[in-house]
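structure15.csv (CSV, C-alpha atoms)
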```csv
chain,number,residue,atom,x,y,z
A,1,MET,CA,-65.2,0.1,-4.7
A,2,ALA,CA,-62.9,0.1,-7.7
A,3,LYS,CA,-59.3,1.4,-7.5
A,4,LYS,CA,-58.5,4.6,-9.4
A,5,MET,CA,-55.3,5.0,-11.4
A,6,SER,CA,-54.0,7.5,-8.9
A,7,ASP,CA,-54.4,5.3,-5.9
A,8,PRO,CA,-51.0,4.0,-4.6
A,9,ILE,CA,-50.2,0.3,-5.1
A,10,GLU,CA,-48.6,-1.4,-2.1
A,11,ILE,CA,-46.5,-4.5,-2.5
A,12,LYS,CA,-45.2,-6.3,0.5
A,13,VAL,CA,-42.2,-8.5,0.3
A,14,ASP,CA,-40.7,-10.7,3.0
A,15,ASN,CA,-37.1,-9.3,2.9
A,16,SER,CA,-36.0,-10.6,6.3
A,17,GLU,CA,-33.0,-12.4,4.7
A,18,VAL,CA,-31.9,-9.3,3.0
A,19,ILE,CA,-32.3,-7.3,6.3
A,20,GLU,CA,-30.2,-9.9,8.2
A,21,ALA,CA,-27.5,-9.9,5.5
A,22,LEU,CA,-27.3,-6.1,5.6
A,23,LYS,CA,-27.1,-6.2,9.4
A,24,ARG,CA,-24.2,-8.7,9.2
A,25,LEU,CA,-22.6,-6.5,6.5
A,26,SER,CA,-23.0,-3.4,8.7
A,27,GLU,CA,-21.3,-5.2,11.7
A,28,LYS,CA,-18.5,-6.5,9.5
A,29,ILE,CA,-17.8,-3.0,8.1
A,30,LYS,CA,-17.7,-1.6,11.6
A,31,ASN,CA,-14.8,-3.9,12.4
A,32,LEU,CA,-12.3,-3.5,9.5
A,33,LYS,CA,-9.3,-3.9,11.7
A,34,PRO,CA,-8.6,-7.6,10.7
A,35,VAL,CA,-8.7,-6.8,7.0
A,36,MET,CA,-6.6,-3.6,7.5
A,37,LYS,CA,-4.0,-5.7,9.3
A,38,ASN,CA,-3.8,-8.1,6.3
A,39,ILE,CA,-3.5,-5.2,3.9
A,40,ALA,CA,-0.7,-3.6,5.9
A,41,GLY,CA,1.1,-6.9,5.8
A,42,ILE,CA,0.7,-7.1,2.0
A,43,MET,CA,1.9,-3.5,1.6
A,44,MET,CA,5.0,-4.2,3.8
A,45,ASP,CA,5.8,-7.4,1.8
A,46,SER,CA,5.6,-5.4,-1.4
A,47,VAL,CA,7.9,-2.7,-0.2
A,48,GLU,CA,10.4,-5.3,1.1
A,49,GLU,CA,10.3,-6.9,-2.3
A,50,ASN,CA,11.0,-3.5,-4.0
A,51,PHE,CA,14.2,-3.3,-2.0
A,52,ALA,CA,15.2,-6.9,-2.7
A,53,GLN,CA,14.7,-6.5,-6.4
A,54,GLU,CA,16.0,-2.9,-6.6
A,55,GLY,CA,12.7,-1.7,-7.9
A,56,ARG,CA,9.8,-3.1,-9.9
A,57,PRO,CA,10.5,-2.0,-12.6
A,58,LYS,CA,14.2,-1.7,-11.9
A,59,TRP,CA,15.4,1.6,-10.5
A,60,PRO,CA,17.9,3.7,-12.4
A,61,GLU,CA,21.5,2.5,-12.0
A,62,LEU,CA,23.9,4.3,-9.7
A,63,LYS,CA,26.1,6.9,-11.3
A,64,LYS,CA,29.8,5.9,-11.8
A,65,SER,CA,30.8,8.6,-9.3
A,66,THR,CA,28.4,7.1,-6.7
A,67,ILE,CA,29.8,3.6,-7.2
A,68,LYS,CA,33.3,5.0,-6.9
A,69,GLN,CA,32.4,6.8,-3.7
A,70,ARG,CA,30.7,3.7,-2.2
A,71,THR,CA,33.7,1.5,-3.2
A,72,LYS,CA,36.0,3.9,-1.4
A,73,LYS,CA,33.9,3.7,1.8
A,74,GLY,CA,33.5,-0.1,1.5
A,75,TYR,CA,29.8,-0.1,0.6
A,76,TRP,CA,30.3,-1.5,-2.9
A,77,PRO,CA,29.4,-3.9,-4.4
A,78,GLY,CA,26.0,-3.5,-2.8
A,79,LYS,CA,22.3,-2.7,-3.5
A,80,ILE,CA,20.7,0.5,-4.6
A,81,LEU,CA,19.2,2.4,-1.6
A,82,GLN,CA,20.8,0.0,0.8
A,83,MET,CA,24.3,1.4,1.5
A,84,ARG,CA,23.9,0.9,5.2
A,85,GLY,CA,20.4,-0.6,5.1
A,86,GLU,CA,18.9,2.2,7.3
A,87,LEU,CA,16.2,3.2,4.8
A,88,ALA,CA,15.0,-0.4,4.3
A,89,ALA,CA,15.1,-1.1,8.0
A,90,SER,CA,13.2,2.0,8.8
A,91,ILE,CA,10.0,0.9,7.0
A,92,THR,CA,7.2,0.3,9.3
A,93,SER,CA,3.5,-0.5,9.0
A,94,TYR,CA,0.5,0.7,10.9
A,95,TYR,CA,-3.2,-0.2,10.8
A,96,ASP,CA,-6.4,0.7,12.6
A,97,ASN,CA,-10.0,0.2,11.8
A,98,ASP,CA,-10.0,2.8,9.0
A,99,SER,CA,-6.5,2.6,7.4
A,100,ALA,CA,-3.4,0.6,6.5
A,101,ILE,CA,-0.2,2.5,6.2
A,102,VAL,CA,3.4,1.8,5.3
A,103,GLY,CA,6.1,4.4,5.6
A,104,THR,CA,9.3,5.7,7.1
A,105,ASN,CA,10.5,8.5,9.3
A,106,LYS,CA,13.8,9.1,7.6
A,107,LYS,CA,14.3,12.7,6.5
A,108,TYR,CA,16.0,11.7,3.3
A,109,ALA,CA,13.3,9.2,2.3
A,110,ALA,CA,11.2,11.5,0.1
A,111,ILE,CA,14.2,12.4,-2.2
A,112,HIS,CA,14.7,8.7,-3.0
A,113,GLN,CA,11.0,8.0,-3.5
A,114,PHE,CA,10.3,11.0,-5.7
A,115,GLY,CA,13.7,12.1,-6.9
A,116,GLY,CA,14.9,15.7,-7.3
A,117,PRO,CA,17.8,18.1,-6.5
A,118,ALA,CA,19.8,17.2,-3.4
A,119,GLY,CA,23.1,17.9,-1.7
A,120,ARG,CA,24.7,21.2,-1.0
A,121,ARG,CA,23.2,23.9,-3.1
A,122,LYS,CA,20.9,21.3,-4.7
A,123,LYS,CA,23.4,20.6,-7.5
A,124,VAL,CA,23.0,16.8,-7.5
A,125,MET,CA,20.0,15.3,-9.2
A,126,ILE,CA,18.7,12.2,-7.5
A,127,PRO,CA,16.5,10.0,-9.8
A,128,ALA,CA,13.2,8.7,-8.4
A,129,ARG,CA,13.5,5.2,-7.0
A,130,PRO,CA,10.0,4.5,-5.7
A,131,TYR,CA,10.3,1.9,-3.0
A,132,LEU,CA,6.9,2.7,-1.4
A,133,LYS,CA,5.1,1.2,-4.3
A,134,LEU,CA,2.7,-1.7,-4.5
A,135,GLY,CA,3.3,-4.3,-7.1
A,136,ASP,CA,0.5,-5.7,-9.3
A,137,ASP,CA,0.4,-8.9,-7.1
A,138,ALA,CA,0.0,-6.8,-4.0
A,139,ILE,CA,-2.9,-4.9,-5.5
A,140,LYS,CA,-4.6,-8.1,-6.6
A,141,ASP,CA,-4.1,-9.6,-3.1
A,142,ILE,CA,-5.6,-6.6,-1.4
A,143,LYS,CA,-8.6,-6.7,-3.6
A,144,GLU,CA,-9.0,-10.5,-3.0
A,145,ILE,CA,-8.6,-10.2,0.8
A,146,SER,CA,-11.1,-7.3,0.9
A,147,ALA,CA,-13.7,-9.2,-1.3
A,148,ASN,CA,-13.2,-12.4,0.8
A,149,TYR,CA,-13.7,-10.5,4.0
A,150,LEU,CA,-17.0,-9.2,2.9
A,151,HIS,CA,-18.0,-12.4,1.1
A,152,GLU,CA,-17.8,-14.3,4.5
A,153,ILE,CA,-20.9,-12.4,5.5
A,154,PHE,CA,-23.1,-14.2,2.9
```
Would you write the structure of this file as structure tokens?
Amino acid sequence: MAKKMSDPIEIKVDNSEVIEALKRLSEKIKNLKPVMKNIAGIMMDSVEENFAQEGRPKWPELKKSTIKQRTKKGYWPGKILQMRGELAASITSYYDNDSAIVGTNKKYAAIHQFGGPAGRRKKVMIPARPYLKLGDDAIKDIKEISANYLHEIF
């Protein structure tokens, strides 16, 4: 009996290799903790480098009045955002199967990251000095580590 144009056509392909690769991918994706650990480390290194270089790009210079105040207290010469080193020392990293996080629990951290009015009656304007920022190298490294993690499957 001849096939009609409306009859379905069935094509069978041996796709066992593809199915196995997808199974390995699925298992690998279920356990992202190793790659998240590496990403958290890269993020931490990037933040530490931001403090070391005083921003990338460079943070705004301290005002003369701030330098005078720091000098009087014995904290100048010094580095921006590192008068006593508490903010830099407070940076921690965390990772689990679903995320990689770098941050701080210091109450004053946000004003330095984003800038804005501060002090009594909010009369002092603090410029943004984004220390929780990934450099281009860090972003490249994160992409590379992620791709390599998945590439190991095949």
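Using only C-alpha atoms for every distance, the candidate list A:Asp98, A:Lys122, A:Lys72, A:Met43 yields A:Asp98 as the residue closest to Ile29 in chain A.
Closest approach to Met83 in chain A among A:Leu22, A:Leu62, A:Ala100, A:Ile142 is made by A:Leu62 (distances from all atoms listed in the file).
CA of Arg56 in chain A sits 21.7 Å away from CA of Asn38 in chain A.
If you look at CA of Asn148 in chain A and CA of Ser16 in chain A, they are 23.5 Å away from each other.
Taking all atoms listed in the file into account, the polymer residues that have an atom no farther than 8 Å from (13.9, 8.1, -7.6) are A:Trp59, A:Pro60, A:Ile111, A:His112, A:Gln113, A:Phe114, A:Gly115, A:Gly116, A:Ile126, A:Pro127, A:Ala128, A:Arg129, A:Pro130.
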**Prompt:** If we count only C-alpha atoms, what is near Asn50 in chain A at a cut-off of 8 Å, once residues fewer than 4 positions away on the same chain are taken out, given as a VMD selection string?
**Reply:** chain A and resid 46 54 to 56 131 to 133
